[in-house]
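K.L.:
Here you go, start.txt (compact mmCIF, C-alpha atoms):
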```txt
# COMPACT_ATOMS: atom_id res chain seq x y z
CA MET A 1 5.46 3.08 -0.41
CA ARG A 2 6.67 -0.29 0.84
CA SER A 3 4.88 -2.02 -2.04
CA GLU A 4 6.60 0.26 -4.54
CA ILE A 5 10.00 -0.56 -3.07
CA LEU A 6 9.33 -4.30 -3.25
CA ALA A 7 8.05 -3.92 -6.81
CA HIS A 8 11.31 -2.22 -7.81
CA LEU A 9 13.29 -5.02 -6.18
CA ASP A 10 11.28 -7.58 -8.10
CA THR A 11 11.84 -5.67 -11.35
CA ASP A 12 15.57 -5.69 -10.64
CA GLU A 13 15.36 -9.48 -10.22
CA GLN A 14 16.17 -9.31 -6.52
CA ASP A 15 14.92 -11.93 -4.07
CA VAL A 16 11.90 -10.07 -2.68
CA SER A 17 11.05 -12.84 -0.22
CA GLU A 18 14.46 -12.43 1.39
CA LEU A 19 14.97 -8.67 1.11
CA GLY A 20 11.40 -7.66 1.89
CA GLY A 21 11.79 -8.44 5.58
CA ARG A 22 14.94 -6.39 6.04
CA GLU A 23 14.71 -3.12 7.95
CA GLU A 24 16.08 -0.96 5.14
CA PHE A 25 13.18 -2.08 2.95
CA SER A 26 10.51 -1.39 5.61
CA PRO A 27 9.85 2.37 5.51
CA VAL A 28 7.03 3.94 7.49
CA ILE A 29 5.56 7.43 7.84
CA VAL A 30 4.18 8.43 11.24
CA GLY A 31 3.11 11.96 12.11
CA TRP A 32 4.40 13.26 8.77
CA THR A 33 7.85 11.92 9.66
CA PHE A 34 9.78 9.31 7.72
CA GLY A 35 11.09 6.31 9.63
CA MET A 36 11.91 2.63 9.51
CA VAL A 37 10.24 -0.41 11.05
CA VAL A 38 12.64 -2.41 13.19
CA GLN A 39 12.68 -6.03 12.11
CA ASN A 40 10.50 -8.33 14.20
CA ASP A 41 7.97 -11.14 13.85
CA ILE A 42 5.14 -9.37 15.66
CA ASP A 43 3.89 -6.46 13.56
CA LEU A 44 4.45 -5.00 10.08
CA ASN A 45 4.44 -1.37 11.24
CA LEU A 46 5.76 -1.43 14.80
CA PRO A 47 8.11 -0.73 16.45
CA ALA A 48 9.57 2.06 14.36
CA ILE A 49 12.36 4.60 14.64
CA PRO A 50 12.37 8.03 13.00
CA ALA A 51 14.96 8.78 10.34
CA THR A 52 15.87 11.92 12.27
CA PRO A 53 16.29 11.25 16.01
CA ILE A 54 14.44 13.36 18.53
CA LYS A 55 16.73 16.12 19.81
CA ASN A 56 16.57 15.30 23.51
CA LYS A 57 19.25 12.62 23.92
CA HIS A 58 17.68 11.18 27.07
CA ILE A 59 14.29 10.71 25.42
CA ALA A 60 16.01 9.33 22.30
CA ALA A 61 17.92 6.74 24.35
CA ALA A 62 14.85 5.73 26.35
CA TYR A 63 12.77 5.32 23.20
CA GLU A 64 15.51 3.31 21.50
CA GLY A 65 15.57 1.00 24.52
CA LEU A 66 11.83 0.48 24.24
CA VAL A 67 12.09 -0.26 20.52
CA ARG A 68 14.84 -2.81 21.10
CA HIS A 69 12.80 -4.44 23.85
CA VAL A 70 9.70 -4.74 21.67
CA ALA A 71 11.71 -6.12 18.75
CA ALA A 72 13.14 -8.79 21.06
CA LEU A 73 9.67 -9.90 22.18
CA ARG A 74 9.49 -12.11 19.10
CA LEU A 75 11.69 -14.51 21.03
CA GLU A 76 9.13 -14.83 23.84
CA ALA A 77 6.13 -17.12 23.67
CA GLU A 78 2.79 -15.63 24.74
CA PRO A 79 1.55 -15.15 27.36
CA TRP A 80 4.66 -13.25 28.40
CA PRO A 81 6.08 -13.31 31.93
CA ASP A 82 4.98 -10.41 34.11
CA LEU A 83 7.81 -7.90 33.71
CA VAL A 84 8.38 -8.59 30.03
CA GLY A 85 5.16 -6.86 29.03
CA THR A 86 4.48 -4.48 31.90
CA SER A 87 7.85 -2.78 31.40
CA THR A 88 6.39 -1.27 28.23
CA LEU A 89 3.73 0.49 30.32
CA VAL A 90 6.35 1.99 32.60
CA ARG A 91 8.61 3.15 29.79
CA GLY A 92 5.72 4.33 27.61
CA VAL A 93 4.17 6.53 30.29
CA GLY A 94 7.60 7.80 31.31
CA LEU A 95 8.36 8.85 27.75
CA ALA A 96 5.02 10.62 27.42
CA GLU A 97 5.68 12.56 30.61
CA ALA A 98 9.18 13.46 29.42
CA LEU A 99 7.84 14.76 26.11
CA ARG A 100 5.61 17.30 27.86
CA PRO A 101 7.17 18.07 31.29
CA GLU A 102 5.60 21.53 31.28
CA GLU A 103 2.18 19.89 31.74
CA GLY A 104 3.08 19.02 35.33
CA SER A 105 1.89 15.40 35.43
CA ALA A 106 1.87 12.26 33.34
CA ARG A 107 -1.90 12.40 32.92
CA ALA A 108 -1.84 16.00 31.69
CA ALA A 109 1.09 15.23 29.39
CA ILE A 110 -0.81 12.35 27.79
CA LYS A 111 -3.90 14.49 27.25
CA ALA A 112 -1.75 17.16 25.58
CA LEU A 113 -0.07 14.61 23.32
CA LEU A 114 -3.43 13.13 22.36
CA ARG A 115 -4.74 16.57 21.43
CA GLU A 116 -1.71 17.11 19.23
CA SER A 117 -1.99 13.68 17.61
CA ALA A 118 -5.49 14.53 16.37
CA ARG A 119 -3.78 16.69 13.72
CA TYR A 120 -1.92 13.70 12.32
CA VAL A 121 -3.97 10.51 12.58
CA PRO A 122 -7.36 9.35 11.23
CA SER A 123 -10.22 9.52 13.70
CA PRO A 124 -10.47 5.71 14.19
CA VAL A 125 -6.80 5.59 15.18
CA GLN A 126 -7.26 8.60 17.43
CA THR A 127 -10.16 6.85 19.15
CA THR A 128 -8.04 3.74 19.71
CA LEU A 129 -5.23 5.80 21.22
CA ALA A 130 -7.60 7.78 23.45
CA ASN A 131 -9.36 4.63 24.65
CA HIS A 132 -6.05 3.10 25.70
CA TRP A 133 -4.02 6.08 26.86
CA ASP A 134 -6.74 8.15 28.50
CA ARG A 135 -10.01 6.32 29.09
CA GLY A 136 -8.23 3.00 29.64
CA ASP A 137 -6.28 4.51 32.56
CA ILE A 138 -2.83 3.44 31.46
CA ILE A 139 -1.40 5.50 34.32
CA GLY A 140 -3.43 3.53 36.86
CA LYS A 141 -2.07 0.29 35.44
CA ARG A 142 1.46 1.69 35.44
CA ASN A 143 1.07 2.79 39.05
CA ALA A 144 -0.16 -0.64 40.13
CA VAL A 145 2.87 -2.25 38.50
CA VAL A 146 5.28 0.25 40.06
CA HIS A 147 3.80 0.85 43.52
CA ILE A 148 2.21 -2.60 44.07
CA MET A 149 -0.21 -1.16 46.65
CA PRO A 150 -2.50 1.88 46.28
CA THR A 151 -0.93 5.19 47.26
CA SER A 152 -2.48 7.80 49.54
CA SER A 153 -4.17 9.30 46.48
CA GLY A 154 -5.82 5.99 45.60
CA GLY A 155 -5.32 3.55 42.78
CA LEU A 156 -5.50 -0.20 42.30
CA PRO A 157 -3.45 -2.94 43.99
CA PHE A 158 -1.14 -5.06 41.88
CA LEU A 159 -3.23 -8.23 41.77
CA ASP A 160 -6.24 -6.32 40.43
CA VAL A 161 -4.35 -5.49 37.25
CA MET A 162 -1.70 -8.20 37.28
CA ASN A 163 -0.08 -8.63 33.90
CA PRO A 164 -2.15 -6.17 31.89
CA ALA A 165 0.43 -6.59 29.12
CA ASP A 166 1.11 -10.29 28.63
CA ASN A 167 0.64 -10.41 24.85
CA TRP A 168 1.09 -8.22 21.79
CA GLY A 169 -2.59 -7.33 21.55
CA LYS A 170 -2.47 -5.74 24.99
CA ILE A 171 0.70 -3.70 24.51
CA LYS A 172 0.22 -2.71 20.87
CA PRO A 173 -1.81 0.44 21.71
CA THR A 174 0.95 1.46 24.13
CA ILE A 175 3.64 1.06 21.46
CA GLN A 176 1.44 2.59 18.76
CA GLY A 177 0.75 5.60 20.95
CA ILE A 178 4.28 6.34 22.08
CA THR A 179 5.52 5.83 18.51
CA GLN A 180 3.00 8.43 17.36
CA PHE A 181 3.98 10.83 20.14
CA ILE A 182 7.70 10.50 19.41
CA PHE A 183 7.28 10.90 15.66
CA GLN A 184 4.98 13.91 15.97
CA GLU A 185 7.53 15.56 18.24
CA VAL A 186 10.24 14.94 15.65
CA ALA A 187 7.89 16.38 13.02
CA ARG A 188 7.45 19.49 15.18
CA GLU A 189 11.20 19.88 15.59
CA LEU A 190 11.76 19.52 11.85
CA ALA A 191 8.94 21.97 11.14
CA ASP A 192 10.59 24.52 13.42
CA GLU A 193 13.84 24.11 11.49
CA ALA A 194 12.03 24.45 8.16
CA SER A 195 10.28 27.55 9.42
CA GLU A 196 13.59 29.18 10.25
CA VAL A 197 15.02 28.43 6.81
CA HIS A 198 11.92 29.12 4.70
CA ARG A 199 9.94 31.31 7.06
CA GLY A 200 7.61 33.04 4.60
CA ILE A 201 6.73 30.09 2.36
CA TRP A 202 6.49 27.60 5.24
CA ASP A 203 4.36 29.68 7.60
CA GLN A 204 2.02 31.08 4.97
CA ARG A 205 1.40 28.04 2.76
CA LEU A 206 3.26 24.77 3.22
CA LYS A 207 2.60 24.31 6.93
CA TRP A 208 -1.14 24.72 6.38
CA ASP A 209 -1.13 22.21 3.52
CA VAL A 210 0.80 19.61 5.52
CA GLU A 211 -1.24 19.92 8.71
CA VAL A 212 -4.67 20.17 7.11
CA TRP A 213 -4.40 17.96 4.05
```
In structure tokens, how does this file's structure come out?
P.N.:
Amino acid sequence: MRSEILAHLDTDEQDVSELGGREEFSPVIVGWTFGMVVQNDIDLNLPAIPATPIKNKHIAAAYEGLVRHVAALRLEAEPWPDLVGTSTLVRGVGLAEALRPEEGSARAAIKALLRESARYVPSPVQTTLANHWDRGDIIGKRNAVVHIMPTSSGGLPFLDVMNPADNWGKIKPTIQGITQFIFQEVARELADEASEVHRGIWDQRLKWDVEVW
């Protein structure tokens, strides 16, 4: 899709080298939801914002803050100072928990979101997300950053996981995961709206085609 846009610009004799890096010419589709990559010098596909904001204004604001923070990381030389990178762990886990509060805990919320994401992403991507968000114990790292010392329920002390997010390679799975979770929630909200408007066609045919194929 992005290549087609740039090809059209080139056909129209526009300066592709200049326009190609602008946000409005950097579309992305995540979780069957259209969005835009926020301009940065770190990654071609992240961070991204959905074209239709998530309905919960608190989650929307928190996610926007994370996106702005990640986009600004291009100004920081790696390895990043402690709080620059680890703040993404705190915000990422917090957003995941906020997306599924009915699950009762951050860990359960993440597992639920990962189960849902399996409907949207290829298996290699799903494995990457599961390795980071579940098997990689992102909550344990977040807790070490927040609580410094182990709590009564256990955990790791701060120095054992100090700066687990001091470069883009370390935080990319966090950003990739929460981007997927946000976009798939927007997709669910839009699907609910479509179902109300086109109940028979959507429920009986289109929803199946979108989710399966």
K.L.:
Tell me, in Å to one decimal, how far CA of Pro157 (chain A) is from CA of Arg142 (chain A).
P.N.:
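For CA of Pro157 (chain A) relative to CA of Arg142 (chain A), the distance reads 10.9 Å.
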K.L.:
Do you have the CA of Ala62 (chain A)-CA of Ser152 (chain A) distance handy?
P.N.:
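Computing it gives 29.0 Å between the two atoms.
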K.L.:
When you look at region 123-138 of chain A with a cut-off of 10 Å (counting only C-alpha atoms), what residues show up, excluding the ones that are within fewer than 2 positions of it in the same chain? I need them as JSON, numbers by chain.
P.N.:
{"A": [89, 90, 92, 93, 107, 108, 110, 111, 114, 115, 117, 118, 119, 120, 121, 140, 141, 142, 143, 144, 164, 170, 171, 172, 173, 174, 176, 177, 178, 180]}
K.L.:
With C-alpha atoms retained, write the just-selected residues as a PDB file, keeping the file's coordinate frame.
P.N.:
```
ATOM      1  CA  LEU A  89       3.730   0.490  30.320  1.00  0.00           C
ATOM      2  CA  VAL A  90       6.350   1.990  32.600  1.00  0.00           C
ATOM      3  CA  GLY A  92       5.720   4.330  27.610  1.00  0.00           C
ATOM      4  CA  VAL A  93       4.170   6.530  30.290  1.00  0.00           C
ATOM      5  CA  ARG A 107      -1.900  12.400  32.920  1.00  0.00           C
ATOM      6  CA  ALA A 108      -1.840  16.000  31.690  1.00  0.00           C
ATOM      7  CA  ILE A 110      -0.810  12.350  27.790  1.00  0.00           C
ATOM      8  CA  LYS A 111      -3.900  14.490  27.250  1.00  0.00           C
ATOM      9  CA  LEU A 114      -3.430  13.130  22.360  1.00  0.00           C
ATOM     10  CA  ARG A 115      -4.740  16.570  21.430  1.00  0.00           C
ATOM     11  CA  SER A 117      -1.990  13.680  17.610  1.00  0.00           C
ATOM     12  CA  ALA A 118      -5.490  14.530  16.370  1.00  0.00           C
ATOM     13  CA  ARG A 119      -3.780  16.690  13.720  1.00  0.00           C
ATOM     14  CA  TYR A 120      -1.920  13.700  12.320  1.00  0.00           C
ATOM     15  CA  VAL A 121      -3.970  10.510  12.580  1.00  0.00           C
ATOM     16  CA  GLY A 140      -3.430   3.530  36.860  1.00  0.00           C
ATOM     17  CA  LYS A 141      -2.070   0.290  35.440  1.00  0.00           C
ATOM     18  CA  ARG A 142       1.460   1.690  35.440  1.00  0.00           C
ATOM     19  CA  ASN A 143       1.070   2.790  39.050  1.00  0.00           C
ATOM     20  CA  ALA A 144      -0.160  -0.640  40.130  1.00  0.00           C
ATOM     21  CA  PRO A 164      -2.150  -6.170  31.890  1.00  0.00           C
ATOM     22  CA  LYS A 170      -2.470  -5.740  24.990  1.00  0.00           C
ATOM     23  CA  ILE A 171       0.700  -3.700  24.510  1.00  0.00           C
ATOM     24  CA  LYS A 172       0.220  -2.710  20.870  1.00  0.00           C
ATOM     25  CA  PRO A 173      -1.810   0.440  21.710  1.00  0.00           C
ATOM     26  CA  THR A 174       0.950   1.460  24.130  1.00  0.00           C
ATOM     27  CA  GLN A 176       1.440   2.590  18.760  1.00  0.00           C
ATOM     28  CA  GLY A 177       0.750   5.600  20.950  1.00  0.00           C
ATOM     29  CA  ILE A 178       4.280   6.340  22.080  1.00  0.00           C
ATOM     30  CA  GLN A 180       3.000   8.430  17.360  1.00  0.00           C
TER      31      GLN A 180
END
```
K.L.:
Between A:Leu44, A:Ile148, A:Val70, A:Ile175, which one has atoms that come closest to Met162 (chain A), using all atoms listed in the file?
P.N.:
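So, comparing all the options, the nearest one is A:Ile148.
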K.L.:
Is it possible to get the residues within 10 Å of (13.8, 15.7, 15.5) (coordinates as in the file, counting only C-alpha atoms) written as a ChimeraX atom specification?
P.N.:
/A:33,50-56,60,182-193
K.L.:
Within 9 Å of (8.1, 13.4, 26.5) in the file's own coordinates, which protein, DNA or RNA residues have an atom, counting only C-alpha atoms? List them as a count of residues only.
P.N.:
15
K.L.:
Using only C-alpha atoms, determine which residues lie at most 10 Å from Asp43 (chain A), disregarding the query and same-chain residues fewer than 5 positions distant; provide the list as a list in words.
P.N.:
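Close residues of Asp43 (chain A): Val37, Val38, Ala71, Arg74, Trp168 and Lys172 of chain A.
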K.L.:
For C-alpha atoms, I'd like the residues from the last selection saved as a tab-separated table (two decimals), in the coordinates of the input.
P.N.:
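The resulting file, result-v4.tsv, is shown below:
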```tsv
chain	number	residue	atom	x	y	z
A	37	VAL	CA	10.24	-0.41	11.05
A	38	VAL	CA	12.64	-2.41	13.19
A	71	ALA	CA	11.71	-6.12	18.75
A	74	ARG	CA	9.49	-12.11	19.10
A	168	TRP	CA	1.09	-8.22	21.79
A	172	LYS	CA	0.22	-2.71	20.87
```
K.L.:
Between A:Asn167, A:His58, A:Ala106, A:Phe158, which one has atoms that come closest to Leu73 (chain A), using all atoms listed in the file?
P.N.:
A:Asn167
K.L.:
With only C-alpha atoms as the counted atoms, please give the residues lying no more than 9 Å from Asn163 (chain A), apart from itself and same-chain residues fewer than 5 positions off, as a tab-separated table (two decimals) with C-alpha atoms, in the coordinates of the input.
P.N.:
```tsv
chain	number	residue	atom	x	y	z
A	80	TRP	CA	4.66	-13.25	28.40
A	81	PRO	CA	6.08	-13.31	31.93
A	82	ASP	CA	4.98	-10.41	34.11
A	83	LEU	CA	7.81	-7.90	33.71
A	85	GLY	CA	5.16	-6.86	29.03
A	86	THR	CA	4.48	-4.48	31.90
A	145	VAL	CA	2.87	-2.25	38.50
A	158	PHE	CA	-1.14	-5.06	41.88
```
